>>> print(open('final01.txt').read())   # compact mmCIF, C-alpha atoms
# COMPACT_ATOMS: atom_id res chain seq x y z
CA MET A 1 23.03 18.51 -14.36
CA ALA A 2 21.03 16.04 -12.32
CA VAL A 3 21.36 14.69 -8.80
CA ARG A 4 21.28 10.92 -9.09
CA VAL A 5 20.96 7.88 -6.90
CA ASP A 6 21.60 4.32 -8.10
CA LEU A 7 21.06 1.40 -5.74
CA ASN A 8 20.65 -2.36 -5.70
CA ILE A 9 17.83 -3.60 -3.49
CA SER A 10 16.07 -6.89 -2.94
CA LEU A 11 12.39 -7.47 -3.63
CA ASP A 12 11.74 -7.01 0.07
CA GLY A 13 13.52 -3.66 -0.03
CA PHE A 14 16.86 -4.34 1.61
CA GLY A 15 19.70 -2.23 0.21
CA THR A 16 22.31 -2.78 2.90
CA THR A 17 23.09 -6.27 4.06
CA THR A 18 24.00 -7.10 7.62
CA ASP A 19 25.37 -10.65 7.57
CA GLN A 20 29.03 -9.66 7.39
CA THR A 21 31.43 -11.76 9.46
CA PRO A 22 35.20 -11.62 9.89
CA GLU A 23 35.45 -14.72 7.67
CA ASN A 24 33.09 -13.31 5.02
CA PRO A 25 33.52 -9.52 5.21
CA PHE A 26 31.00 -8.72 2.46
CA GLY A 27 28.52 -11.35 3.60
CA GLU A 28 26.57 -13.88 1.59
CA ASP A 29 23.60 -11.60 1.01
CA TRP A 30 25.58 -8.80 -0.63
CA GLY A 31 26.85 -11.12 -3.33
CA ARG A 32 23.32 -12.25 -4.14
CA LEU A 33 22.04 -8.68 -4.17
CA VAL A 34 24.55 -7.39 -6.71
CA ALA A 35 25.14 -10.62 -8.68
CA ALA A 36 23.52 -9.40 -11.91
CA TYR A 37 25.38 -6.08 -11.72
CA VAL A 38 28.74 -7.71 -11.02
CA ALA A 39 28.13 -10.05 -13.97
CA THR A 40 27.91 -7.18 -16.48
CA ARG A 41 30.75 -6.55 -18.87
CA THR A 42 30.85 -2.94 -17.70
CA PHE A 43 31.33 -3.86 -14.05
CA GLN A 44 33.92 -6.45 -15.01
CA GLU A 45 35.90 -3.82 -16.91
CA ARG A 46 35.36 -0.71 -14.85
CA VAL A 47 35.50 -2.07 -11.32
CA LEU A 48 37.29 -5.42 -11.57
CA HIS A 49 39.65 -4.34 -14.38
CA ASN A 50 38.85 -7.57 -16.22
CA THR A 51 39.63 -6.66 -19.82
CA SER A 52 38.92 -10.12 -21.26
CA GLY A 53 35.57 -9.00 -22.66
CA GLU A 54 33.69 -11.32 -20.31
CA GLY A 55 30.37 -10.27 -18.87
CA THR A 56 26.71 -9.85 -19.81
CA THR A 57 25.75 -7.26 -22.41
CA GLY A 58 21.98 -6.93 -22.01
CA VAL A 59 19.70 -4.61 -20.07
CA ASP A 60 21.71 -4.86 -16.84
CA ASP A 61 24.84 -3.84 -18.72
CA ALA A 62 23.10 -0.85 -20.30
CA TYR A 63 22.23 0.39 -16.81
CA ALA A 64 25.77 -0.34 -15.64
CA GLU A 65 27.15 1.78 -18.49
CA ALA A 66 24.78 4.61 -17.65
CA TYR A 67 25.87 4.31 -14.04
CA PHE A 68 29.39 5.38 -14.93
CA GLU A 69 28.45 8.12 -17.39
CA GLU A 70 28.45 11.85 -16.73
CA VAL A 71 29.07 11.79 -13.00
CA GLY A 72 31.22 14.78 -12.06
CA ALA A 73 31.16 14.44 -8.27
CA GLU A 74 29.86 12.06 -5.64
CA ILE A 75 28.62 12.39 -2.06
CA MET A 76 28.72 9.50 0.38
CA GLY A 77 28.22 8.88 4.07
CA ALA A 78 31.04 8.12 6.47
CA GLY A 79 29.98 4.50 6.75
CA MET A 80 30.24 3.89 3.03
CA PHE A 81 33.82 5.14 3.04
CA GLY A 82 34.58 2.90 6.02
CA LEU A 83 34.94 5.45 8.81
CA HIS A 84 32.54 3.54 11.07
CA THR A 85 34.49 0.32 10.54
CA PHE A 86 37.95 1.88 10.96
CA PRO A 87 37.29 5.05 12.99
CA ASP A 88 40.76 5.30 14.46
CA ASP A 89 42.94 4.47 11.47
CA PRO A 90 44.42 7.73 10.12
CA ASP A 91 45.82 5.85 7.10
CA TRP A 92 42.50 4.40 5.93
CA ARG A 93 41.96 5.28 2.25
CA GLY A 94 38.65 3.53 1.55
CA TRP A 95 37.68 0.02 0.45
CA TRP A 96 38.70 0.34 -3.18
CA GLY A 97 42.48 -0.01 -3.23
CA GLU A 98 44.54 2.21 -5.52
CA GLU A 99 41.91 2.31 -8.29
CA PRO A 100 38.71 3.62 -6.69
CA PRO A 101 36.03 3.51 -9.41
CA PHE A 102 34.93 7.14 -9.05
CA HIS A 103 37.40 9.17 -11.16
CA CYS A 104 36.01 12.41 -9.70
CA PRO A 105 35.82 14.40 -6.46
CA VAL A 106 34.03 12.49 -3.69
CA PHE A 107 32.68 14.29 -0.62
CA VAL A 108 32.44 12.12 2.48
CA LEU A 109 30.03 13.39 5.13
CA THR A 110 31.52 13.08 8.59
CA ASN A 111 31.62 15.02 11.84
CA ARG A 112 35.35 14.40 12.28
CA ALA A 113 37.87 16.41 10.30
CA ARG A 114 40.30 14.34 8.24
CA PRO A 115 42.90 15.20 5.58
CA SER A 116 41.87 14.74 1.96
CA VAL A 117 43.01 11.67 0.04
CA SER A 118 43.93 11.66 -3.67
CA PHE A 119 44.47 8.90 -6.20
CA ALA A 120 46.24 8.92 -9.54
CA ASN A 121 43.04 8.04 -11.43
CA GLY A 122 41.36 11.35 -10.56
CA THR A 123 39.48 10.21 -7.48
CA THR A 124 39.76 12.51 -4.47
CA PHE A 125 38.06 12.13 -1.12
CA ASP A 126 37.25 15.27 0.86
CA PHE A 127 35.83 14.90 4.36
CA ILE A 128 33.24 17.54 5.13
CA THR A 129 30.75 18.36 7.86
CA ALA A 130 27.72 19.69 6.04
CA SER A 131 23.94 19.49 5.68
CA PRO A 132 22.61 17.78 2.55
CA HIS A 133 21.98 21.20 0.96
CA GLU A 134 25.49 22.46 1.74
CA ALA A 135 27.17 19.26 0.63
CA LEU A 136 25.24 19.29 -2.61
CA LYS A 137 26.27 22.88 -3.32
CA ARG A 138 29.94 21.91 -2.94
CA ALA A 139 29.51 18.84 -5.11
CA ILE A 140 27.73 20.78 -7.85
CA ASP A 141 30.56 23.33 -7.86
CA ALA A 142 33.07 20.48 -8.20
CA ALA A 143 31.14 18.55 -10.85
CA GLY A 144 31.82 21.00 -13.68
CA GLY A 145 28.31 20.79 -15.08
CA GLN A 146 28.10 17.01 -14.86
CA ASP A 147 25.79 15.02 -12.60
CA VAL A 148 26.22 14.57 -8.86
CA ARG A 149 25.65 11.12 -7.46
CA ILE A 150 24.51 10.44 -3.92
CA GLY A 151 26.36 7.17 -3.55
CA GLY A 152 25.12 5.81 -0.23
CA GLY A 153 24.68 4.38 2.32
CA LEU A 154 20.97 4.18 2.73
CA SER A 155 20.65 6.71 5.53
CA THR A 156 22.58 9.27 3.48
CA VAL A 157 20.40 8.55 0.44
CA ARG A 158 17.24 8.87 2.55
CA ASP A 159 18.45 12.22 3.91
CA PHE A 160 18.78 13.58 0.36
CA LEU A 161 15.50 12.04 -0.82
CA GLN A 162 13.61 13.45 2.15
CA ALA A 163 15.17 16.89 1.51
CA GLY A 164 13.77 16.74 -2.04
CA LEU A 165 17.24 17.01 -3.58
CA VAL A 166 17.25 13.96 -5.87
CA ASP A 167 16.29 14.28 -9.53
CA ARG A 168 16.67 10.65 -10.53
CA LEU A 169 16.43 7.55 -8.37
CA HIS A 170 17.29 4.27 -10.08
CA VAL A 171 16.86 1.03 -8.14
CA ALA A 172 17.81 -2.36 -9.53
CA ILE A 173 15.42 -4.72 -7.75
CA ALA A 174 16.81 -8.25 -7.51
CA PRO A 175 13.97 -10.81 -7.45
CA ILE A 176 15.14 -12.33 -4.19
CA LEU A 177 13.93 -12.07 -0.61
CA LEU A 178 16.72 -11.41 1.86
CA GLY A 179 14.55 -11.04 4.93
CA ARG A 180 17.26 -9.11 6.78
CA GLY A 181 19.32 -5.98 6.38
CA ILE A 182 18.47 -2.29 6.21
CA ARG A 183 15.49 -1.17 4.15
CA LEU A 184 15.74 1.62 1.60
CA TRP A 185 12.07 2.58 1.62
CA ASP A 186 11.47 3.37 5.29
CA ASP A 187 9.99 6.80 5.99
CA LEU A 188 9.57 7.75 2.34
CA ARG A 189 5.77 7.72 2.06
CA GLY A 190 4.61 9.64 -1.01
CA LEU A 191 8.10 9.95 -2.50
CA GLU A 192 6.68 9.16 -5.95
CA GLU A 193 4.81 12.47 -6.09
CA GLY A 194 6.48 14.79 -8.55
CA TYR A 195 8.32 11.96 -10.28
CA ALA A 196 7.52 9.97 -13.40
CA VAL A 197 8.21 6.28 -13.00
CA ALA A 198 9.62 3.91 -15.58
CA THR A 199 10.42 0.23 -15.22
CA GLU A 200 12.29 -2.25 -17.34
CA THR A 201 13.07 -5.91 -16.76
CA ALA A 202 16.48 -7.37 -17.48
CA GLU A 203 17.23 -10.85 -18.76
CA SER A 204 18.49 -11.67 -15.26
CA GLY A 205 15.05 -11.01 -13.75
CA VAL A 206 16.24 -7.77 -12.18
CA VAL A 207 13.64 -4.99 -12.43
CA HIS A 208 15.16 -1.57 -13.10
CA LEU A 209 12.85 1.10 -11.71
CA THR A 210 13.54 4.79 -12.19
CA PHE A 211 11.87 7.78 -10.58
CA ARG A 212 12.69 10.85 -12.66
CA ARG A 213 11.54 14.46 -12.50
CA MET B 1 -4.16 -27.78 -10.99
CA ALA B 2 -2.08 -25.08 -9.34
CA VAL B 3 -2.24 -23.33 -5.99
CA ARG B 4 -2.20 -19.62 -6.73
CA VAL B 5 -1.81 -16.33 -4.94
CA ASP B 6 -2.52 -12.92 -6.52
CA LEU B 7 -1.89 -9.75 -4.54
CA ASN B 8 -1.50 -6.02 -4.97
CA ILE B 9 1.43 -4.52 -3.05
CA SER B 10 3.21 -1.19 -2.96
CA LEU B 11 6.84 -0.71 -3.90
CA ASP B 12 7.65 -0.72 -0.21
CA GLY B 13 5.89 -4.07 0.18
CA PHE B 14 2.63 -3.18 1.89
CA GLY B 15 -0.25 -5.45 0.88
CA THR B 16 -2.73 -4.57 3.61
CA THR B 17 -3.46 -0.96 4.38
CA THR B 18 -4.20 0.28 7.85
CA ASP B 19 -5.60 3.79 7.44
CA GLN B 20 -9.25 2.79 7.57
CA THR B 21 -11.55 5.11 9.51
CA PRO B 22 -15.32 5.02 10.13
CA GLU B 23 -15.67 7.85 7.58
CA ASN B 24 -13.43 6.13 5.00
CA PRO B 25 -13.85 2.40 5.65
CA PHE B 26 -11.47 1.28 2.89
CA GLY B 27 -8.93 4.02 3.58
CA GLU B 28 -7.10 6.30 1.20
CA ASP B 29 -4.15 3.96 0.75
CA TRP B 30 -6.19 0.98 -0.46
CA GLY B 31 -7.61 2.98 -3.34
CA ARG B 32 -4.13 3.99 -4.45
CA LEU B 33 -2.83 0.44 -4.12
CA VAL B 34 -5.47 -1.13 -6.36
CA ALA B 35 -6.16 1.83 -8.67
CA ALA B 36 -4.70 0.25 -11.80
CA TYR B 37 -6.52 -3.04 -11.14
CA VAL B 38 -9.86 -1.35 -10.47
CA ALA B 39 -9.41 0.63 -13.69
CA THR B 40 -9.29 -2.50 -15.86
CA ARG B 41 -12.24 -3.42 -17.99
CA THR B 42 -12.26 -6.87 -16.41
CA PHE B 43 -12.56 -5.52 -12.87
CA GLN B 44 -15.22 -3.06 -14.00
CA GLU B 45 -17.28 -5.89 -15.48
CA ARG B 46 -16.60 -8.74 -13.10
CA VAL B 47 -16.59 -6.97 -9.76
CA LEU B 48 -18.41 -3.68 -10.29
CA HIS B 49 -20.90 -5.08 -12.85
CA ASN B 50 -20.22 -2.10 -15.08
CA THR B 51 -21.18 -3.42 -18.52
CA SER B 52 -20.55 -0.17 -20.39
CA GLY B 53 -17.26 -1.44 -21.80
CA GLU B 54 -15.28 1.14 -19.85
CA GLY B 55 -11.88 0.27 -18.46
CA THR B 56 -8.28 -0.26 -19.52
CA THR B 57 -7.43 -3.13 -21.85
CA GLY B 58 -3.64 -3.40 -21.61
CA VAL B 59 -1.26 -5.48 -19.51
CA ASP B 60 -3.10 -4.86 -16.24
CA ASP B 61 -6.31 -6.08 -17.83
CA ALA B 62 -4.64 -9.23 -19.14
CA TYR B 63 -3.60 -10.06 -15.57
CA ALA B 64 -7.08 -9.20 -14.31
CA GLU B 65 -8.59 -11.64 -16.83
CA ALA B 66 -6.15 -14.34 -15.79
CA TYR B 67 -7.08 -13.63 -12.19
CA PHE B 68 -10.62 -14.81 -12.76
CA GLU B 69 -9.79 -17.82 -14.93
CA GLU B 70 -9.71 -21.44 -13.85
CA VAL B 71 -10.15 -20.93 -10.12
CA GLY B 72 -12.25 -23.80 -8.73
CA ALA B 73 -12.00 -23.00 -5.03
CA GLU B 74 -10.60 -20.33 -2.76
CA ILE B 75 -9.18 -20.24 0.76
CA MET B 76 -9.18 -17.06 2.84
CA GLY B 77 -8.50 -16.00 6.40
CA ALA B 78 -11.20 -14.97 8.84
CA GLY B 79 -10.16 -11.34 8.63
CA MET B 80 -10.60 -11.17 4.88
CA PHE B 81 -14.16 -12.44 5.20
CA GLY B 82 -14.81 -9.85 7.94
CA LEU B 83 -15.01 -12.05 11.03
CA HIS B 84 -12.51 -9.87 12.92
CA THR B 85 -14.50 -6.74 12.13
CA PHE B 86 -17.92 -8.23 12.90
CA PRO B 87 -17.14 -11.14 15.24
CA ASP B 88 -20.54 -11.23 16.92
CA ASP B 89 -22.87 -10.75 13.95
CA PRO B 90 -24.39 -14.15 13.08
CA ASP B 91 -25.95 -12.66 9.93
CA TRP B 92 -22.71 -11.35 8.42
CA ARG B 93 -22.35 -12.67 4.85
CA GLY B 94 -19.08 -11.01 3.78
CA TRP B 95 -18.18 -7.65 2.23
CA TRP B 96 -19.37 -8.40 -1.28
CA GLY B 97 -23.17 -8.07 -1.19
CA GLU B 98 -25.32 -10.55 -3.09
CA GLU B 99 -22.82 -10.98 -5.95
CA PRO B 100 -19.54 -12.06 -4.38
CA PRO B 101 -16.98 -12.28 -7.20
CA PHE B 102 -15.85 -15.85 -6.47
CA HIS B 103 -18.40 -18.11 -8.21
CA CYS B 104 -16.93 -21.15 -6.45
CA PRO B 105 -16.57 -22.75 -3.01
CA VAL B 106 -14.65 -20.52 -0.58
CA PHE B 107 -13.15 -21.95 2.61
CA VAL B 108 -12.78 -19.42 5.43
CA LEU B 109 -10.23 -20.37 8.09
CA THR B 110 -11.56 -19.65 11.56
CA ASN B 111 -11.49 -21.18 15.01
CA ARG B 112 -15.20 -20.53 15.56
CA ALA B 113 -17.80 -22.76 13.93
CA ARG B 114 -20.34 -20.97 11.79
CA PRO B 115 -23.05 -22.12 9.37
CA SER B 116 -22.21 -22.10 5.68
CA VAL B 117 -23.46 -19.27 3.47
CA SER B 118 -24.56 -19.70 -0.17
CA PHE B 119 -25.21 -17.26 -2.97
CA ALA B 120 -27.16 -17.69 -6.21
CA ASN B 121 -24.05 -17.03 -8.34
CA GLY B 122 -22.31 -20.21 -7.18
CA THR B 123 -20.29 -18.72 -4.34
CA THR B 124 -20.42 -20.65 -1.08
CA PHE B 125 -18.55 -19.88 2.13
CA ASP B 126 -17.64 -22.76 4.43
CA PHE B 127 -16.04 -21.95 7.77
CA ILE B 128 -13.42 -24.49 8.73
CA THR B 129 -10.80 -24.98 11.41
CA ALA B 130 -7.84 -26.54 9.63
CA SER B 131 -4.11 -26.38 9.05
CA PRO B 132 -2.93 -25.05 5.67
CA HIS B 133 -2.37 -28.62 4.47
CA GLU B 134 -5.82 -29.78 5.58
CA ALA B 135 -7.58 -26.74 4.18
CA LEU B 136 -5.79 -27.16 0.88
CA LYS B 137 -6.86 -30.81 0.66
CA ARG B 138 -10.51 -29.79 1.09
CA ALA B 139 -10.19 -27.00 -1.44
CA ILE B 140 -8.53 -29.26 -4.02
CA ASP B 141 -11.36 -31.79 -3.59
CA ALA B 142 -13.91 -29.00 -4.14
CA ALA B 143 -12.11 -27.40 -7.10
CA GLY B 144 -12.90 -30.15 -9.59
CA GLY B 145 -9.48 -30.12 -11.17
CA GLN B 146 -9.26 -26.34 -11.42
CA ASP B 147 -6.86 -24.10 -9.50
CA VAL B 148 -7.10 -23.21 -5.84
CA ARG B 149 -6.50 -19.61 -4.88
CA ILE B 150 -5.18 -18.51 -1.50
CA GLY B 151 -7.05 -15.22 -1.44
CA GLY B 152 -5.66 -13.47 1.64
CA GLY B 153 -5.09 -11.76 3.94
CA LEU B 154 -1.37 -11.51 4.18
CA SER B 155 -0.91 -13.70 7.25
CA THR B 156 -2.90 -16.48 5.60
CA VAL B 157 -0.88 -16.12 2.40
CA ARG B 158 2.37 -16.19 4.37
CA ASP B 159 1.25 -19.37 6.18
CA PHE B 160 0.75 -21.13 2.84
CA LEU B 161 3.97 -19.74 1.34
CA GLN B 162 6.01 -20.80 4.35
CA ALA B 163 4.45 -24.28 4.20
CA GLY B 164 5.66 -24.53 0.59
CA LEU B 165 2.13 -25.02 -0.75
CA VAL B 166 1.98 -22.25 -3.36
CA ASP B 167 2.77 -23.01 -7.02
CA ARG B 168 2.32 -19.52 -8.41
CA LEU B 169 2.65 -16.18 -6.65
CA HIS B 170 1.69 -13.12 -8.68
CA VAL B 171 2.19 -9.68 -7.17
CA ALA B 172 1.16 -6.48 -8.89
CA ILE B 173 3.62 -3.91 -7.53
CA ALA B 174 2.23 -0.38 -7.63
CA PRO B 175 5.07 2.17 -8.01
CA ILE B 176 4.05 4.06 -4.88
CA LEU B 177 5.44 4.23 -1.36
CA LEU B 178 2.75 3.86 1.29
CA GLY B 179 5.08 3.88 4.28
CA ARG B 180 2.47 2.17 6.47
CA GLY B 181 0.40 -0.98 6.53
CA ILE B 182 1.25 -4.67 6.76
CA ARG B 183 4.13 -6.04 4.69
CA LEU B 184 3.77 -9.11 2.52
CA TRP B 185 7.44 -10.08 2.48
CA ASP B 186 8.22 -10.42 6.17
CA ASP B 187 9.75 -13.74 7.22
CA LEU B 188 10.00 -15.13 3.68
CA ARG B 189 13.78 -15.13 3.22
CA GLY B 190 14.80 -17.40 0.34
CA LEU B 191 11.24 -17.87 -0.94
CA GLU B 192 12.49 -17.51 -4.51
CA GLU B 193 14.37 -20.81 -4.36
CA GLY B 194 12.59 -23.41 -6.45
CA TYR B 195 10.67 -20.80 -8.43
CA ALA B 196 11.30 -19.20 -11.78
CA VAL B 197 10.63 -15.48 -11.79
CA ALA B 198 9.07 -13.42 -14.57
CA THR B 199 8.28 -9.74 -14.58
CA GLU B 200 6.29 -7.52 -16.91
CA THR B 201 5.53 -3.81 -16.69
CA ALA B 202 2.07 -2.44 -17.43
CA GLU B 203 1.24 0.88 -19.08
CA SER B 204 0.16 2.10 -15.64
CA GLY B 205 3.66 1.62 -14.23
CA VAL B 206 2.57 -1.42 -12.23
CA VAL B 207 5.17 -4.21 -12.28
CA HIS B 208 3.64 -7.68 -12.46
CA LEU B 209 6.03 -10.16 -10.89
CA THR B 210 5.33 -13.90 -10.90
CA PHE B 211 7.10 -16.68 -9.04
CA ARG B 212 6.18 -19.97 -10.69
CA ARG B 213 7.34 -23.56 -10.17
>>> encode(input="final01.txt", output="structure tokens")
Amino acid sequence: MAVRVDLNISLDGFGTTTDQTPENPFGEDWGRLVAAYVATRTFQERVLHNTSGEGTTGVDDAYAEAYFEEVGAEIMGAGMFGLHTFPDDPDWRGWWGEEPPFHCPVFVLTNRARPSVSFANGTTFDFITASPHEALKRAIDAAGGQDVRIGGGLSTVRDFLQAGLVDRLHVAIAPILLGRGIRLWDDLRGLEEGYAVATETAESGVVHLTFRR
Amino acid sequence: MAVRVDLNISLDGFGTTTDQTPENPFGEDWGRLVAAYVATRTFQERVLHNTSGEGTTGVDDAYAEAYFEEVGAEIMGAGMFGLHTFPDDPDWRGWWGEEPPFHCPVFVLTNRARPSVSFANGTTFDFITASPHEALKRAIDAAGGQDVRIGGGLSTVRDFLQAGLVDRLHVAIAPILLGRGIRLWDDLRGLEEGYAVATETAESGVVHLTFRR
């Protein structure tokens, strides 16, 4: 059992983009940040349900496969689920439609109680008010011996990193400079202590960097 | 002939450290940032004049060798030469003692006129007031067909990058989080356009990333 984080960031460290508009709700930057990941065969199959066999099959795809393996529960912040965008919609069920790509219990950290949401593919969302330690304990109990992922957003990930709760941090660094957004690395001085670091470069130019303890 | 930049940065993008004290004039962070580079056999020989044959000989050393090859002239900011630290010392001749590791004409950008300084090993420092374009023209004339390096500091490098004057940008990214200092990547959104990117990981964990056009 490991507590894992997987993120896409730009060379200048931005992991959340902030150029969303009503006309372009994901923003231009987000597409550039995750382009190599979206292009993988695994993402095409697992998230976009594109079963044509299209998609890259190199280093990026190997990381994409590993991304979906052995995760038994996930923790995410309220913003990642959409509660900051749609705070007053009691029917909001997340961004992912009827096939959310989690297939496991997901714990959403929020200060406002909310009924759980379940999907036929095994994804459930439970809304809990908890410290990182408490939330992790619940997720470990739910994960049945498999890994727990801290899914995001960045402030949630930083809370768990700063609490020393993350065993494996994988960042896919896109070789682009966004110049705007929210930085992953703020307030994490010395994080590397206690971790071994490994890096690998994909055909796309993306650098996969992993801190592991 | 290419216009080159070579820098050491941390994973969180800091290329200038700011923890210098009178007792520790380089600071703790600087030593960590350049540790893998200083450990190379090439740095040991070329900068520290350690002829014992000590030093690493892997990927970091290959980049260190390339660092010293084919540079015919260098441009640096006043701060890198030390003019901000010792503004009123007419006898200041730089940080590097009697063997500055340049062996070529160096143009120091400053608004205050100052007599040139020469060293027996071929290094000369000329103090010029010039725009990036003008300074580059002088350096190209002095380089005799070899490359021109923009040496630093970061604000000088950013000026040349933003003016579109750099052909090759090599950053050695140390897998550490400093959390403080001056960031290289500020205000460089979209820099990657027009460049091909290549990355290579050294035995030390340092990621060597090169933008080349």
>>> closest_residue(input="final01.txt", among="B:Met80, B:Val207, B:Ile176, B:Ala113", to="Glu192 (chain A)", atoms="all atoms listed in the file")
B:Ile176
>>> closest_atom_pairs(input="final01.txt", of="chain B", to="chain A", cutoff="7 Å", atoms="only C-alpha atoms", output="Markdown table")
| residue | atom | partner | partner_atom | distance |
| --- | --- | --- | --- | --- |
| B:Asp12 | CA | A:Trp185 | CA | 5.8 |
| B:Gly13 | CA | A:Asp12 | CA | 6.5 |
| B:Ile176 | CA | A:Glu192 | CA | 5.8 |
| B:Leu177 | CA | A:Arg189 | CA | 4.9 |
| B:Leu178 | CA | A:Arg189 | CA | 5.0 |
| B:Gly179 | CA | A:Arg189 | CA | 4.5 |
| B:Trp185 | CA | A:Asp12 | CA | 5.8 |
| B:Asp186 | CA | A:Gly179 | CA | 6.5 |
| B:Asp187 | CA | A:Gly179 | CA | 6.0 |
| B:Leu188 | CA | A:Gly179 | CA | 6.2 |
| B:Arg189 | CA | A:Gly179 | CA | 4.5 |
| B:Gly190 | CA | A:Leu177 | CA | 5.5 |
| B:Leu191 | CA | A:Leu177 | CA | 6.4 |
| B:Glu192 | CA | A:Ile176 | CA | 5.8 |
| B:Val197 | CA | A:Gly205 | CA | 6.6 |
| B:Ala198 | CA | A:Gly205 | CA | 6.5 |
| B:Thr199 | CA | A:Thr201 | CA | 6.5 |
| B:Glu200 | CA | A:Thr201 | CA | 7.0 |
| B:Thr201 | CA | A:Thr199 | CA | 6.5 |
| B:Gly205 | CA | A:Ala198 | CA | 6.5 |
>>> closest_residue(input="final01.txt", among="B:Met1, B:Leu48, B:Cys104, B:Val34", to="Ala174 (chain B)", atoms="only C-alpha atoms")
B:Val34
>>> residues_near_point(input="final01.txt", point="(38.4, 11.3, -13.1)", cutoff="8 Å", atoms="all atoms listed in the file", output="list in words")
Phe102, His103, Cys104, Pro105, Asn121, Gly122 and Thr123 of chain A
>>> write_last_selection(input="final01.txt", atoms="C-alpha atoms", output="PDB file, keeping the file's coordinate frame")
ATOM      1  CA  PHE A 102      34.930   7.140  -9.050  1.00  0.00           C
ATOM      2  CA  HIS A 103      37.400   9.170 -11.160  1.00  0.00           C
ATOM      3  CA  CYS A 104      36.010  12.410  -9.700  1.00  0.00           C
ATOM      4  CA  PRO A 105      35.820  14.400  -6.460  1.00  0.00           C
ATOM      5  CA  ASN A 121      43.040   8.040 -11.430  1.00  0.00           C
ATOM      6  CA  GLY A 122      41.360  11.350 -10.560  1.00  0.00           C
ATOM      7  CA  THR A 123      39.480  10.210  -7.480  1.00  0.00           C
TER       8      THR A 123
END
>>> residues_around(input="final01.txt", residues="region 147-153 of chain B", least_positions_apart="2", cutoff="6 Å", atoms="all atoms listed in the file", output="PDB file with C-alpha atoms, keeping the file's coordinate frame")
ATOM      1  CA  MET B   1      -4.160 -27.780 -10.990  1.00  0.00           C
ATOM      2  CA  ALA B   2      -2.080 -25.080  -9.340  1.00  0.00           C
ATOM      3  CA  VAL B   3      -2.240 -23.330  -5.990  1.00  0.00           C
ATOM      4  CA  ARG B   4      -2.200 -19.620  -6.730  1.00  0.00           C
ATOM      5  CA  VAL B   5      -1.810 -16.330  -4.940  1.00  0.00           C
ATOM      6  CA  GLU B  70      -9.710 -21.440 -13.850  1.00  0.00           C
ATOM      7  CA  VAL B  71     -10.150 -20.930 -10.120  1.00  0.00           C
ATOM      8  CA  GLY B  72     -12.250 -23.800  -8.730  1.00  0.00           C
ATOM      9  CA  ALA B  73     -12.000 -23.000  -5.030  1.00  0.00           C
ATOM     10  CA  GLU B  74     -10.600 -20.330  -2.760  1.00  0.00           C
ATOM     11  CA  ILE B  75      -9.180 -20.240   0.760  1.00  0.00           C
ATOM     12  CA  MET B  76      -9.180 -17.060   2.840  1.00  0.00           C
ATOM     13  CA  GLY B  77      -8.500 -16.000   6.400  1.00  0.00           C
ATOM     14  CA  MET B  80     -10.600 -11.170   4.880  1.00  0.00           C
ATOM     15  CA  SER B 155      -0.910 -13.700   7.250  1.00  0.00           C
ATOM     16  CA  THR B 156      -2.900 -16.480   5.600  1.00  0.00           C
ATOM     17  CA  VAL B 157      -0.880 -16.120   2.400  1.00  0.00           C
TER      18      VAL B 157
END
>>> atom_distance(input="final01.txt", atom1="CA of Thr124 (chain B)", atom2="CA of Trp92 (chain B)")
13.5 Å
>>> residues_around(input="final01.txt", residues="Thr56 (chain A)", least_positions_apart="3", cutoff="7 Å", atoms="all atoms listed in the file", output="list in words")
Ala39, Thr40, Arg41 and Asp61 of chain A
>>> closest_residue(input="final01.txt", among="A:Val117, A:Ala163, A:Val108, A:Ala62", to="Ala130 (chain A)", atoms="only C-alpha atoms")
A:Val108
>>> atom_distance(input="final01.txt", atom1="CA of Arg168 (chain B)", atom2="CA of Gly181 (chain B)")
23.9 Å
>>> atom_distance(input="final01.txt", atom1="CA of Leu154 (chain A)", atom2="CA of Ala66 (chain A)")
20.7 Å
>>> closest_residue(input="final01.txt", among="A:Ala35, A:Leu161, A:Ile9, A:Ala120", to="Gly55 (chain A)", atoms="only C-alpha atoms")
A:Ala35
>>> closest_residue(input="final01.txt", among="B:Arg46, B:Ala78, B:Thr85, B:Ala143", to="Ile128 (chain B)", atoms="all atoms listed in the file")
B:Ala78
>>> build_atoms(input="final01.txt", residues="region 206-211 of chain B", atoms="N, CA and C atoms", output="compact mmCIF listing (two decimals), keeping the file's coordinate frame")
# COMPACT_ATOMS: atom_id res chain seq x y z
N VAL B 206 2.59 -0.26 -13.12
CA VAL B 206 2.57 -1.42 -12.23
C VAL B 206 3.49 -2.50 -12.78
N VAL B 207 4.30 -3.09 -11.91
CA VAL B 207 5.17 -4.21 -12.28
C VAL B 207 4.50 -5.51 -11.82
N HIS B 208 4.23 -6.38 -12.79
CA HIS B 208 3.64 -7.68 -12.46
C HIS B 208 4.77 -8.69 -12.33
N LEU B 209 4.95 -9.21 -11.15
CA LEU B 209 6.03 -10.16 -10.89
C LEU B 209 5.41 -11.51 -10.51
N THR B 210 5.89 -12.57 -11.14
CA THR B 210 5.33 -13.90 -10.90
C THR B 210 6.44 -14.89 -10.54
N PHE B 211 6.29 -15.51 -9.40
CA PHE B 211 7.10 -16.68 -9.04
C PHE B 211 6.29 -17.92 -9.43
